[in-house]
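Visitor: Take a look at my_file.cif, mmCIF, C-alpha atoms:
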```cif
data_run
loop_
_atom_site.label_atom_id
_atom_site.label_comp_id
_atom_site.auth_asym_id
_atom_site.auth_seq_id
_atom_site.Cartn_x
_atom_site.Cartn_y
_atom_site.Cartn_z
CA MET J 93 31.71 30.70 -12.18
CA PRO J 94 32.99 27.10 -12.09
CA PRO J 95 30.36 24.32 -11.81
CA PHE J 96 31.53 23.35 -8.32
CA ALA J 97 30.99 26.85 -7.00
CA ARG J 98 27.56 27.10 -8.57
CA LEU J 99 26.44 24.05 -6.63
CA LEU J 100 27.75 25.18 -3.24
CA PRO J 101 24.32 26.32 -1.96
CA LEU J 102 23.01 22.81 -2.54
CA LEU J 103 25.91 20.52 -1.69
CA SER J 104 24.69 20.12 1.87
CA LEU J 105 21.77 18.16 0.46
CA LEU J 106 23.96 15.47 -1.13
CA ALA J 107 24.46 13.19 1.84
CA ALA J 108 20.77 13.32 2.78
CA CYS J 109 19.67 12.52 -0.74
CA ALA J 110 22.03 9.54 -0.90
CA SER J 111 20.29 8.15 2.17
CA GLY J 112 16.82 8.80 0.84
CA GLY J 113 16.23 12.47 0.03
CA PRO J 114 17.00 16.10 0.82
CA ARG J 115 16.58 17.87 4.12
CA THR J 116 13.15 19.33 4.75
CA ASP J 117 14.32 22.87 5.55
CA ASP J 118 13.88 25.58 2.91
CA ALA J 119 17.26 27.33 3.31
CA ALA J 120 18.83 25.78 0.23
CA MET J 121 15.83 26.67 -1.88
CA THR J 122 15.69 30.32 -0.86
CA ALA J 123 19.46 30.82 -0.97
CA SER J 124 20.02 29.16 -4.33
CA THR J 125 20.90 31.59 -7.13
CA THR J 126 22.47 29.12 -9.53
CA PRO J 127 21.95 29.52 -13.28
CA GLU J 128 19.85 26.34 -13.19
CA ALA J 129 17.51 27.77 -10.55
CA ALA J 130 17.28 31.10 -12.37
CA ALA J 131 16.34 29.31 -15.59
CA VAL J 132 13.56 27.40 -13.85
CA ASP J 133 12.35 30.60 -12.18
CA ARG J 134 11.86 32.12 -15.61
CA LEU J 135 9.90 29.11 -16.82
CA LEU J 136 7.66 29.18 -13.73
CA ARG J 137 6.78 32.88 -13.77
CA ASP J 138 3.08 32.18 -14.37
CA TYR J 139 2.93 30.07 -11.21
CA ASP J 140 4.37 32.73 -8.90
CA GLY J 141 2.52 35.38 -6.93
CA SER J 142 -1.01 35.25 -5.50
CA VAL J 143 -2.12 32.32 -7.66
CA PRO J 144 -2.24 28.54 -7.29
CA GLY J 145 1.36 27.48 -7.50
CA ALA J 146 3.78 24.66 -8.07
CA ALA J 147 6.73 22.88 -6.51
CA VAL J 148 9.64 21.93 -8.77
CA LEU J 149 12.50 19.54 -8.13
CA VAL J 150 15.38 18.79 -10.48
CA LEU J 151 17.76 16.00 -9.52
CA GLN J 152 21.02 15.54 -11.39
CA GLY J 153 22.91 12.40 -10.47
CA GLY J 154 20.74 12.19 -7.35
CA VAL J 155 21.67 15.72 -6.23
CA PRO J 156 18.99 18.44 -6.06
CA VAL J 157 20.11 21.24 -8.38
CA VAL J 158 16.74 23.01 -8.27
CA ARG J 159 14.29 22.79 -5.38
CA ARG J 160 11.66 25.51 -5.59
CA GLY J 161 8.18 26.51 -4.51
CA TYR J 162 6.02 29.04 -6.38
CA GLY J 163 2.69 30.68 -5.67
CA LEU J 164 0.07 29.59 -3.17
CA ALA J 165 -0.94 26.22 -1.75
CA ASP J 166 -4.22 27.75 -0.60
CA VAL J 167 -5.32 30.93 -2.35
CA ALA J 168 -7.97 31.86 0.22
CA ALA J 169 -5.57 31.46 3.15
CA GLY J 170 -2.54 32.90 1.33
CA THR J 171 -0.41 29.86 2.26
CA ARG J 172 2.80 29.66 0.26
CA VAL J 173 4.03 26.59 -1.59
CA THR J 174 7.30 25.19 -0.19
CA PRO J 175 9.27 22.00 -0.88
CA ARG J 176 7.31 20.43 2.00
CA THR J 177 3.89 21.18 0.48
CA ASN J 178 1.91 18.01 -0.20
CA PHE J 179 -0.06 17.82 -3.44
CA ARG J 180 -2.54 15.15 -4.47
CA LEU J 181 -0.49 13.16 -6.94
CA ALA J 182 -3.44 11.86 -8.99
CA SER J 183 -2.16 9.19 -11.41
CA VAL J 184 1.44 9.62 -10.30
CA SER J 185 0.11 7.48 -7.43
CA LYS J 186 -0.03 4.46 -9.75
CA GLN J 187 3.72 3.80 -9.44
CA PHE J 188 3.23 3.25 -5.69
CA THR J 189 0.33 0.86 -6.29
CA ALA J 190 2.52 -1.06 -8.73
CA ALA J 191 5.38 -1.11 -6.21
CA ALA J 192 3.05 -2.54 -3.56
CA ILE J 193 2.16 -5.41 -5.89
CA LEU J 194 5.82 -6.02 -6.74
CA LEU J 195 6.71 -6.14 -3.04
CA LEU J 196 4.03 -8.77 -2.45
CA ALA J 197 5.37 -10.75 -5.39
CA GLU J 198 8.84 -10.62 -3.81
CA ASP J 199 7.29 -11.84 -0.56
CA GLY J 200 5.80 -14.82 -2.38
CA ARG J 201 2.29 -13.69 -1.44
CA LEU J 202 1.12 -13.50 -5.07
CA ARG J 203 2.29 -14.00 -8.64
CA LEU J 204 1.97 -11.45 -11.42
CA ASP J 205 0.36 -14.06 -13.66
CA ASP J 206 -2.29 -14.89 -11.05
CA PRO J 207 -5.84 -14.63 -12.39
CA VAL J 208 -7.44 -11.59 -10.81
CA ARG J 209 -10.44 -13.70 -9.80
CA ARG J 210 -8.16 -15.75 -7.55
CA TRP J 211 -8.02 -12.68 -5.32
CA LEU J 212 -11.29 -11.01 -6.25
CA PRO J 213 -13.68 -13.93 -6.88
CA SER J 214 -16.73 -11.65 -6.92
CA LEU J 215 -15.75 -10.35 -10.37
CA PRO J 216 -17.89 -11.80 -13.18
CA ALA J 217 -16.88 -14.64 -15.47
CA ALA J 218 -15.88 -12.20 -18.22
CA ALA J 219 -12.78 -11.45 -16.10
CA ASP J 220 -11.62 -15.10 -16.02
CA ALA J 221 -8.60 -14.48 -18.27
CA VAL J 222 -7.55 -11.19 -16.66
CA THR J 223 -4.30 -11.42 -14.66
CA ILE J 224 -2.57 -9.07 -12.25
CA HIS J 225 -0.09 -8.35 -15.03
CA HIS J 226 -2.92 -7.15 -17.27
CA LEU J 227 -4.16 -4.77 -14.56
CA LEU J 228 -0.67 -3.31 -14.07
CA ALA J 229 -0.08 -2.83 -17.82
CA HIS J 230 -3.55 -1.45 -18.70
CA THR J 231 -4.25 -4.40 -21.00
CA SER J 232 -7.11 -5.99 -19.02
CA GLY J 233 -10.01 -4.76 -21.17
CA LEU J 234 -12.01 -3.88 -18.06
CA VAL J 235 -14.93 -1.51 -18.52
CA ASP J 236 -14.19 2.06 -17.39
CA TYR J 237 -16.01 2.48 -14.08
CA GLU J 238 -16.06 6.27 -14.45
CA ASP J 239 -18.34 5.91 -17.47
CA LEU J 240 -20.81 4.01 -15.30
CA LEU J 241 -21.27 6.61 -12.57
CA PRO J 242 -24.76 8.12 -12.29
CA ASP J 243 -25.25 11.82 -12.94
CA GLY J 244 -25.32 13.92 -9.80
CA LEU J 245 -23.42 11.42 -7.65
CA ASP J 246 -23.37 13.08 -4.22
CA ARG J 247 -20.81 10.95 -2.40
CA GLN J 248 -17.22 9.90 -2.87
CA LEU J 249 -16.33 6.45 -4.12
CA ARG J 250 -13.72 4.23 -2.51
CA ASP J 251 -11.68 1.45 -4.13
CA ALA J 252 -14.15 -1.12 -2.79
CA ASP J 253 -16.95 0.76 -4.57
CA VAL J 254 -15.07 0.40 -7.86
CA LEU J 255 -14.95 -3.34 -7.29
CA ALA J 256 -18.69 -3.37 -6.59
CA ILE J 257 -19.38 -1.48 -9.82
CA LEU J 258 -17.25 -3.85 -11.90
CA GLU J 259 -18.89 -6.89 -10.30
CA GLY J 260 -21.97 -5.98 -12.32
CA GLN J 261 -20.17 -5.73 -15.68
CA ASP J 262 -19.94 -9.20 -17.23
CA ARG J 263 -18.15 -7.89 -20.31
CA LEU J 264 -14.79 -6.52 -21.44
CA TYR J 265 -13.75 -4.03 -24.10
CA PHE J 266 -11.36 -6.61 -25.58
CA ALA J 267 -9.70 -9.91 -24.78
CA PRO J 268 -7.03 -9.41 -22.10
CA GLY J 269 -3.57 -8.70 -23.50
CA THR J 270 -4.75 -7.91 -27.03
CA ARG J 271 -5.01 -4.13 -26.69
CA TYR J 272 -4.01 -1.23 -24.45
CA ARG J 273 -6.58 0.98 -22.77
CA TYR J 274 -5.60 3.13 -19.80
CA SER J 275 -7.67 2.01 -16.82
CA ASN J 276 -8.10 3.77 -13.50
CA GLY J 277 -10.38 0.94 -12.43
CA ALA J 278 -7.59 -1.60 -12.88
CA TYR J 279 -5.47 0.23 -10.33
CA ALA J 280 -8.39 0.48 -7.91
CA LEU J 281 -8.72 -3.31 -8.14
CA LEU J 282 -5.01 -3.68 -7.44
CA THR J 283 -5.54 -2.08 -4.02
CA ARG J 284 -8.10 -4.75 -3.20
CA ILE J 285 -5.59 -7.41 -4.20
CA VAL J 286 -3.01 -5.80 -1.89
CA VAL J 287 -5.53 -6.02 0.95
CA ALA J 288 -6.40 -9.64 0.18
CA ALA J 289 -2.79 -10.78 -0.20
CA SER J 290 -1.26 -8.85 2.69
CA GLY J 291 -4.02 -8.85 5.30
CA GLN J 292 -3.46 -5.09 5.76
CA ASP J 293 -5.52 -2.13 4.69
CA TYR J 294 -4.06 -0.50 1.60
CA ALA J 295 -3.03 2.81 3.17
CA GLY J 296 -1.40 0.95 6.05
CA PHE J 297 0.53 -1.31 3.67
CA LEU J 298 1.94 1.70 1.80
CA ARG J 299 2.84 3.38 5.07
CA THR J 300 4.65 0.41 6.62
CA ARG J 301 6.24 -1.09 3.50
CA ILE J 302 7.09 1.97 1.39
CA PHE J 303 6.71 5.37 3.03
CA GLN J 304 8.20 4.66 6.47
CA PRO J 305 11.19 2.62 5.22
CA LEU J 306 12.09 5.42 2.80
CA GLY J 307 11.58 8.21 5.33
CA MET J 308 8.66 9.65 3.33
CA ASP J 309 7.14 10.76 6.60
CA ALA J 310 4.60 13.23 5.21
CA THR J 311 3.37 11.11 2.29
CA VAL J 312 -0.06 9.56 2.81
CA ALA J 313 -2.76 7.66 0.97
CA PHE J 314 -5.37 10.09 2.22
CA GLU J 315 -8.60 8.86 3.79
CA ASP J 316 -10.92 11.59 4.99
CA GLY J 317 -11.69 11.16 8.67
CA VAL J 318 -8.89 8.61 9.06
CA SER J 319 -5.70 10.41 8.08
CA THR J 320 -4.57 13.99 7.57
CA VAL J 321 -2.35 15.70 5.03
CA PRO J 322 0.28 18.01 6.58
CA ASP J 323 1.23 21.14 4.65
CA ARG J 324 -1.63 20.44 2.26
CA ALA J 325 -2.10 22.09 -1.11
CA TYR J 326 -5.70 22.56 -2.23
CA GLY J 327 -6.75 22.22 -5.84
CA HIS J 328 -7.99 25.25 -7.79
CA SER J 329 -9.61 25.96 -11.14
CA PHE J 330 -9.82 29.19 -13.12
CA VAL J 331 -13.53 30.04 -13.34
CA ASP J 332 -15.03 33.27 -14.67
CA GLY J 333 -11.74 35.13 -14.38
CA ALA J 334 -10.84 34.01 -10.85
CA TRP J 335 -9.18 31.08 -9.10
CA VAL J 336 -11.65 29.04 -7.04
CA ARG J 337 -11.06 25.99 -4.89
CA THR J 338 -11.98 22.76 -6.71
CA ASP J 339 -10.29 20.21 -4.51
CA GLN J 340 -12.51 17.12 -4.51
CA SER J 341 -14.66 15.14 -6.92
CA PRO J 342 -16.66 11.90 -6.49
CA THR J 343 -13.58 9.87 -7.51
CA SER J 344 -11.00 11.74 -5.39
CA ALA J 345 -11.13 9.17 -2.58
CA VAL J 346 -10.17 6.22 -4.80
CA LEU J 347 -6.63 5.49 -3.60
CA GLY J 348 -5.09 3.06 -6.06
CA ASP J 349 -5.41 5.22 -9.14
CA GLY J 350 -4.70 8.62 -7.63
CA GLY J 351 -5.23 9.18 -3.91
CA ILE J 352 -1.70 9.72 -2.61
CA TYR J 353 -0.45 13.10 -1.36
CA SER J 354 3.28 13.85 -1.40
CA SER J 355 5.84 16.62 -1.70
CA ILE J 356 8.92 17.13 -3.84
CA ASP J 357 11.06 16.53 -0.75
CA ASP J 358 9.49 13.11 -0.19
CA LEU J 359 9.50 12.28 -3.89
CA ALA J 360 13.25 12.89 -3.92
CA LYS J 361 13.48 9.96 -1.51
CA TRP J 362 11.29 7.88 -3.79
CA ASP J 363 13.48 8.72 -6.79
CA ALA J 364 16.56 7.70 -4.80
CA ALA J 365 14.93 4.34 -4.03
CA LEU J 366 14.46 3.75 -7.75
CA GLN J 367 18.24 3.82 -8.20
CA ASP J 368 19.08 0.77 -6.07
CA ASP J 369 17.61 -2.13 -4.12
CA ARG J 370 16.83 -0.31 -0.87
CA LEU J 371 13.11 -0.99 -1.46
CA LEU J 372 12.56 -3.09 -4.59
CA SER J 373 14.91 -5.74 -5.91
CA ASP J 374 16.81 -5.19 -9.14
CA ALA J 375 14.44 -7.66 -10.82
CA SER J 376 11.32 -5.83 -9.62
CA ARG J 377 12.61 -2.45 -10.73
CA ALA J 378 13.49 -3.94 -14.11
CA LEU J 379 9.89 -5.14 -14.45
CA ALA J 380 8.49 -1.72 -13.52
CA PHE J 381 10.57 0.00 -16.20
CA ALA J 382 10.24 -2.66 -18.92
CA ALA J 383 7.72 -2.48 -21.77
CA GLN J 384 4.85 -4.61 -20.48
CA THR J 385 2.10 -3.79 -22.94
CA GLY J 386 3.19 -5.92 -25.92
CA VAL J 387 0.76 -3.95 -28.11
CA ALA J 388 0.61 -0.45 -29.58
CA VAL J 389 -0.03 2.38 -27.12
CA ASP J 390 -2.09 5.22 -28.54
CA GLU J 391 -0.80 8.02 -26.30
CA ASP J 392 1.51 10.91 -27.10
CA ASP J 393 5.14 10.39 -26.08
CA VAL J 394 4.47 6.82 -24.99
CA ASP J 395 6.15 3.84 -26.65
CA ALA J 396 4.94 1.37 -24.03
CA TYR J 397 3.66 1.13 -20.47
CA GLY J 398 5.60 -0.58 -17.69
CA TYR J 399 4.16 -1.13 -14.23
CA GLY J 400 3.02 2.32 -13.13
CA TRP J 401 5.28 4.10 -15.64
CA ARG J 402 4.98 5.41 -19.18
CA LEU J 403 8.05 4.73 -21.33
CA HIS J 404 9.31 6.88 -24.20
CA GLY J 405 12.81 6.32 -25.56
CA THR J 406 15.09 6.44 -22.55
CA ARG J 407 12.57 8.39 -20.48
CA GLN J 408 10.36 7.03 -17.72
CA TRP J 409 7.48 9.31 -16.82
CA HIS J 410 3.95 9.66 -15.56
CA SER J 411 1.48 12.49 -15.36
CA GLY J 412 -1.28 12.97 -12.84
CA GLU J 413 -4.42 14.97 -13.57
CA THR J 414 -7.45 15.37 -11.34
CA ILE J 415 -9.77 18.16 -10.34
CA GLY J 416 -7.57 21.10 -9.31
CA PHE J 417 -4.19 19.33 -9.69
CA ARG J 418 -1.75 18.76 -12.56
CA ASN J 419 1.50 16.87 -11.89
CA VAL J 420 4.31 15.07 -13.66
CA ILE J 421 7.50 13.17 -12.95
CA VAL J 422 9.99 12.63 -15.77
CA ARG J 423 13.11 10.50 -15.30
CA ASP J 424 15.92 10.29 -17.86
CA PRO J 425 18.33 7.67 -16.49
CA ALA J 426 20.64 8.02 -19.51
CA ARG J 427 21.37 11.59 -18.41
CA ARG J 428 20.83 10.86 -14.70
CA LEU J 429 18.16 13.57 -14.56
CA THR J 430 14.77 13.67 -12.86
CA VAL J 431 12.27 16.54 -13.07
CA ILE J 432 9.19 16.68 -10.83
CA VAL J 433 6.50 19.36 -11.17
CA LEU J 434 3.51 19.36 -8.79
CA SER J 435 0.82 22.01 -9.23
CA ASN J 436 -2.52 22.76 -7.57
CA ARG J 437 -4.34 24.18 -10.57
CA ASN J 438 -6.48 22.66 -13.30
CA ASP J 439 -4.39 23.93 -16.19
CA PRO J 440 -1.95 23.63 -17.89
CA PRO J 441 -0.66 20.05 -17.80
CA PRO J 442 3.03 20.41 -16.84
CA TYR J 443 4.53 17.65 -18.99
CA SER J 444 5.81 20.02 -21.70
CA LEU J 445 7.12 22.33 -18.99
CA ALA J 446 9.02 19.44 -17.39
CA LEU J 447 10.58 18.59 -20.76
CA ARG J 448 11.70 22.20 -21.18
CA ILE J 449 13.27 22.10 -17.72
CA LEU J 450 14.91 18.78 -18.54
CA ASP J 451 16.41 20.14 -21.74
CA THR J 452 17.46 23.41 -20.07
CA ILE J 453 19.29 21.69 -17.22
CA GLY J 454 20.65 18.76 -19.21
CA HIS J 455 21.93 20.55 -22.31
#
```
Would you mind writing the file out in structure tokens?
Guide:
Amino acid sequence: MPPFARLLPLLSLLAACASGGPRTDDAAMTASTTPEAAAVDRLLRDYDGSVPGAAVLVLQGGVPVVRRGYGLADVAAGTRVTPRTNFRLASVSKQFTAAAILLLAEDGRLRLDDPVRRWLPSLPAAADAVTIHHLLAHTSGLVDYEDLLPDGLDRQLRDADVLAILEGQDRLYFAPGTRYRYSNGAYALLTRIVVAASGQDYAGFLRTRIFQPLGMDATVAFEDGVSTVPDRAYGHSFVDGAWVRTDQSPTSAVLGDGGIYSSIDDLAKWDAALQDDRLLSDASRALAFAAQTGVAVDEDDVDAYGYGWRLHGTRQWHSGETIGFRNVIVRDPARRLTVIVLSNRNDPPPYSLALRILDTIGH
């Protein structure tokens, strides 16, 4: 079968993706029987059936060549995963936090070399030399707030709580810029800087400046009692031979490091926005995807960290792991390929799976 014919079930998505993403109906997914889709089906067999599932998107030159849902978004309710299902992105959220900061820099509201204490003066003197750039690149040396949480914490923390915790830590792991240490707390502080610089609440800033302009209508920085998640996937863990819901932890409500919910359909629109200046300027996107660490990064498949992105060779990627969810986005601009895997289960991490999909489709 010629390549053109194989893509016929999906060609109707092309125009929509060029303007920000694919249609939200499931017809193309269910009708697609291309070799690419069949290959991904084989790789995702363990996610299908009456188990916590996954949503998979493969974009080639901006066109969806695979757009699939597998398994269940809610095991107890028997709700199926579809391309519209919204998963908690965990640390994949960090690229949106970084984008919010870059937008404010474009607006002239802040500078990336601003001392963090200019915006968050309640931080102790040990943070004097820490800049916004250091927070974005995980080179701040800030103490890990998660190591400071008391045993048996019976409430959920917010980003403001992370700031309060770090206000009491007049010390750093290392001088800013001299080492790399991945920091969820740094990205929680970035949300407070967004609030201070913009005059908006963080979730509202993302909604009005990123999600709405891109047509990511179902994507939300979720705040319990304030917002809702449509078509929501719930996290699960395999415990004593059965899948049980494990959807929330004490840190699940921290937004800047991992609190965004989105779907593969909406993330297709995000990926499209990373190709041109419809949201971020060429200069801002170059900063996001440039090596910003300046020091060795002791992580597998990571040469350097940008702003919200891990960098390895020509690939730009980020994983997201939290209780009940494992996600990854891998972009290979040299081959014009993007693979996104969102799953609502605690294991396995899907990075190696995404690489297998990438190599299968892009061979």
Visitor: Compile a residue-level contact table for region 279-362 of chain J against region 201-212 of chain J at a cut-off of 7 Å, reporting for every qualifying residue the shortest atom pair and its distance in Å to one decimal, with all atoms listed in the file counted, rows ordered by chain and ascending number, as a Markdown table.
Guide:
```
| residue | atom | partner | partner_atom | distance |
| --- | --- | --- | --- | --- |
| J:Ile285 | CA | J:Trp211 | CA | 5.9 |
| J:Ala288 | CA | J:Trp211 | CA | 6.5 |
| J:Ala289 | CA | J:Arg201 | CA | 6.0 |
```
Visitor: So what do you get for CA of Glu238 (chain J) versus CA of Tyr326 (chain J), distance-wise?
Guide: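 CA of Tyr326 (chain J) lies 22.8 Å from CA of Glu238 (chain J).
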Visitor: Would you mind telling me which residue in J:Leu228, J:Val420, J:Val184, J:Ala129 lies nearest to Tyr443 (chain J) when using only C-alpha atoms?
Guide: J:Val420
Visitor: Compare J:Thr300, J:Gly416, J:Ser411, J:Ala190 by their minimum atom-to-atom distance to Leu445 (chain J), counting only C-alpha atoms, and give me the closest one.
Guide: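 So, comparing all the options, the nearest one is J:Ser411.
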Visitor: If you take all atoms listed in the file and a cut-off of 9 Å, which residues of region 274-328 of chain J touch region 241-265 of chain J, and what are their nearest atom pairs and distances in Å to one decimal, in chain and number order, as JSON lines?
Guide:
```
{"residue": "J:Gly277", "atom": "CA", "partner": "J:Val254", "partner_atom": "CA", "distance": 6.6}
{"residue": "J:Tyr279", "atom": "CA", "partner": "J:Asp251", "partner_atom": "CA", "distance": 8.9}
{"residue": "J:Ala280", "atom": "CA", "partner": "J:Asp251", "partner_atom": "CA", "distance": 5.1}
{"residue": "J:Leu281", "atom": "CA", "partner": "J:Leu255", "partner_atom": "CA", "distance": 6.3}
{"residue": "J:Thr283", "atom": "CA", "partner": "J:Asp251", "partner_atom": "CA", "distance": 7.1}
{"residue": "J:Arg284", "atom": "CA", "partner": "J:Ala252", "partner_atom": "CA", "distance": 7.1}
```
Visitor: With all atoms listed in the file as the basis for distance, which of J:Ala217, J:Ala295, J:Leu194, J:Ala147 is at the shortest distance from Thr311 (chain J)?
Guide: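 The answer is J:Ala295, which sits nearest to Thr311 (chain J).
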Visitor: Show me, as a PyMOL selection string, the residues that have an atom within 12 Å of Thr406 (chain J) when counting only C-alpha atoms, minus same-chain residues fewer than 2 positions from it.
Guide: chain J and resi 381-383+393-396+402-404+408-409+422-429
Visitor: What do you get, as a PDB file with C-alpha atoms, keeping the file's coordinate frame, if you spell out every residue that the PyMOL selection byres ((chain J and resi 191) around 12) selects here?
Guide:
```pdb
ATOM      1  CA  SER J 185       0.110   7.480  -7.430  1.00  0.00           C
ATOM      2  CA  LYS J 186      -0.030   4.460  -9.750  1.00  0.00           C
ATOM      3  CA  GLN J 187       3.720   3.800  -9.440  1.00  0.00           C
ATOM      4  CA  PHE J 188       3.230   3.250  -5.690  1.00  0.00           C
ATOM      5  CA  THR J 189       0.330   0.860  -6.290  1.00  0.00           C
ATOM      6  CA  ALA J 190       2.520  -1.060  -8.730  1.00  0.00           C
ATOM      7  CA  ALA J 192       3.050  -2.540  -3.560  1.00  0.00           C
ATOM      8  CA  ILE J 193       2.160  -5.410  -5.890  1.00  0.00           C
ATOM      9  CA  LEU J 194       5.820  -6.020  -6.740  1.00  0.00           C
ATOM     10  CA  LEU J 195       6.710  -6.140  -3.040  1.00  0.00           C
ATOM     11  CA  LEU J 196       4.030  -8.770  -2.450  1.00  0.00           C
ATOM     12  CA  ALA J 197       5.370 -10.750  -5.390  1.00  0.00           C
ATOM     13  CA  GLU J 198       8.840 -10.620  -3.810  1.00  0.00           C
ATOM     14  CA  LEU J 228      -0.670  -3.310 -14.070  1.00  0.00           C
ATOM     15  CA  TYR J 279      -5.470   0.230 -10.330  1.00  0.00           C
ATOM     16  CA  LEU J 282      -5.010  -3.680  -7.440  1.00  0.00           C
ATOM     17  CA  THR J 283      -5.540  -2.080  -4.020  1.00  0.00           C
ATOM     18  CA  VAL J 286      -3.010  -5.800  -1.890  1.00  0.00           C
ATOM     19  CA  PHE J 297       0.530  -1.310   3.670  1.00  0.00           C
ATOM     20  CA  LEU J 298       1.940   1.700   1.800  1.00  0.00           C
ATOM     21  CA  ARG J 301       6.240  -1.090   3.500  1.00  0.00           C
ATOM     22  CA  ILE J 302       7.090   1.970   1.390  1.00  0.00           C
ATOM     23  CA  PHE J 303       6.710   5.370   3.030  1.00  0.00           C
ATOM     24  CA  GLY J 348      -5.090   3.060  -6.060  1.00  0.00           C
ATOM     25  CA  TRP J 362      11.290   7.880  -3.790  1.00  0.00           C
ATOM     26  CA  ALA J 365      14.930   4.340  -4.030  1.00  0.00           C
ATOM     27  CA  LEU J 366      14.460   3.750  -7.750  1.00  0.00           C
ATOM     28  CA  LEU J 371      13.110  -0.990  -1.460  1.00  0.00           C
ATOM     29  CA  LEU J 372      12.560  -3.090  -4.590  1.00  0.00           C
ATOM     30  CA  SER J 373      14.910  -5.740  -5.910  1.00  0.00           C
ATOM     31  CA  SER J 376      11.320  -5.830  -9.620  1.00  0.00           C
ATOM     32  CA  ARG J 377      12.610  -2.450 -10.730  1.00  0.00           C
ATOM     33  CA  ALA J 378      13.490  -3.940 -14.110  1.00  0.00           C
ATOM     34  CA  LEU J 379       9.890  -5.140 -14.450  1.00  0.00           C
ATOM     35  CA  ALA J 380       8.490  -1.720 -13.520  1.00  0.00           C
ATOM     36  CA  PHE J 381      10.570   0.000 -16.200  1.00  0.00           C
ATOM     37  CA  GLY J 398       5.600  -0.580 -17.690  1.00  0.00           C
ATOM     38  CA  TYR J 399       4.160  -1.130 -14.230  1.00  0.00           C
ATOM     39  CA  GLY J 400       3.020   2.320 -13.130  1.00  0.00           C
ATOM     40  CA  TRP J 401       5.280   4.100 -15.640  1.00  0.00           C
TER      41      TRP J 401
END
```
Visitor: With distances taken over only C-alpha atoms, which of J:Pro305, J:Gly350, J:Gly454, J:Gly412 is nearest to Val150 (chain J)?
Guide: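 Looking only at the distances to Val150 (chain J), the closest residue turns out to be J:Gly454.
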Visitor: Could you work out how far CA of His410 (chain J) lies from CA of Gly386 (chain J), giving the answer in Å with one decimal?
Guide: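 Atom-to-atom, CA of Gly386 (chain J) and CA of His410 (chain J) are spaced 18.7 Å apart.
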Visitor: Please check which residues have atoms at most 9 Å from (5.3, 11.9, -0.3) in the file's coordinates, counting only C-alpha atoms, and write them as a compact mmCIF listing (two decimals) with C-alpha atoms, in the coordinates of the input.
Guide:
```txt
# COMPACT_ATOMS: atom_id res chain seq x y z
CA ASN J 178 1.91 18.01 -0.20
CA PHE J 179 -0.06 17.82 -3.44
CA LEU J 181 -0.49 13.16 -6.94
CA PHE J 303 6.71 5.37 3.03
CA MET J 308 8.66 9.65 3.33
CA ASP J 309 7.14 10.76 6.60
CA ALA J 310 4.60 13.23 5.21
CA THR J 311 3.37 11.11 2.29
CA VAL J 312 -0.06 9.56 2.81
CA ILE J 352 -1.70 9.72 -2.61
CA TYR J 353 -0.45 13.10 -1.36
CA SER J 354 3.28 13.85 -1.40
CA SER J 355 5.84 16.62 -1.70
CA ILE J 356 8.92 17.13 -3.84
CA ASP J 357 11.06 16.53 -0.75
CA ASP J 358 9.49 13.11 -0.19
CA LEU J 359 9.50 12.28 -3.89
CA ALA J 360 13.25 12.89 -3.92
CA LYS J 361 13.48 9.96 -1.51
CA TRP J 362 11.29 7.88 -3.79
```
Visitor: Which residues, named as in the file, does the PyMOL selection byres ((chain J and resi 316) around 12) pick out? Answer as a VMD selection string.
Guide: chain J and resid 248 to 250 295 312 to 315 317 to 321 340 344 to 347 351
Visitor: Between CA of Ile421 (chain J) and CA of Gly333 (chain J), what is the distance in Å, rounded to a tenth?
Guide: 29.2 Å
Visitor: Considering only C-alpha atoms, can you say which of J:Ala169, J:Val155, J:Val222, J:Ala375 comes closest to Thr430 (chain J)?
Guide: J:Val155
Visitor: Here is a test: counting all atoms listed in the file, which residue of J:Pro213, J:Leu447, J:Gly307, J:Ala165 is nearest to Ala364 (chain J)?
Guide: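 Checking each of J:Pro213, J:Leu447, J:Gly307, J:Ala165 against Ala364 (chain J), counting all atoms listed in the file, the winner is J:Gly307.
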Visitor: Hey, what's within 10 Å of Arg437 (chain J) if we count all atoms listed in the file and toss same-chain stuff fewer than 2 positions away? As a list of chain:residue names, please?
Guide: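 Residues near the query, excluding close chain neighbours: J:Tyr139, J:Val143, J:Pro144, J:Gly145, J:Ala146, J:Ala165, J:Ala325, J:Tyr326, J:Gly327, J:His328, J:Ser329, J:Phe330, J:Trp335, J:Val336, J:Arg337, J:Thr338, J:Asp339, J:Glu413, J:Thr414, J:Ile415, J:Gly416, J:Phe417, J:Arg418, J:Asn419, J:Leu434, J:Ser435, J:Asp439, J:Pro440, J:Pro441.
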Visitor: Applied to this file, what does the PyMOL selection byres ((chain J and resi 156-159) around 7) return in terms of residues, put as a PDB file with C-alpha atoms, in the frame of the given file?
Guide:
```
ATOM      1  CA  LEU J 102      23.010  22.810  -2.540  1.00  0.00           C
ATOM      2  CA  MET J 121      15.830  26.670  -1.880  1.00  0.00           C
ATOM      3  CA  GLU J 128      19.850  26.340 -13.190  1.00  0.00           C
ATOM      4  CA  ALA J 129      17.510  27.770 -10.550  1.00  0.00           C
ATOM      5  CA  VAL J 148       9.640  21.930  -8.770  1.00  0.00           C
ATOM      6  CA  LEU J 149      12.500  19.540  -8.130  1.00  0.00           C
ATOM      7  CA  VAL J 150      15.380  18.790 -10.480  1.00  0.00           C
ATOM      8  CA  LEU J 151      17.760  16.000  -9.520  1.00  0.00           C
ATOM      9  CA  GLN J 152      21.020  15.540 -11.390  1.00  0.00           C
ATOM     10  CA  GLY J 154      20.740  12.190  -7.350  1.00  0.00           C
ATOM     11  CA  VAL J 155      21.670  15.720  -6.230  1.00  0.00           C
ATOM     12  CA  ARG J 160      11.660  25.510  -5.590  1.00  0.00           C
ATOM     13  CA  PRO J 175       9.270  22.000  -0.880  1.00  0.00           C
TER      14      PRO J 175
END
```
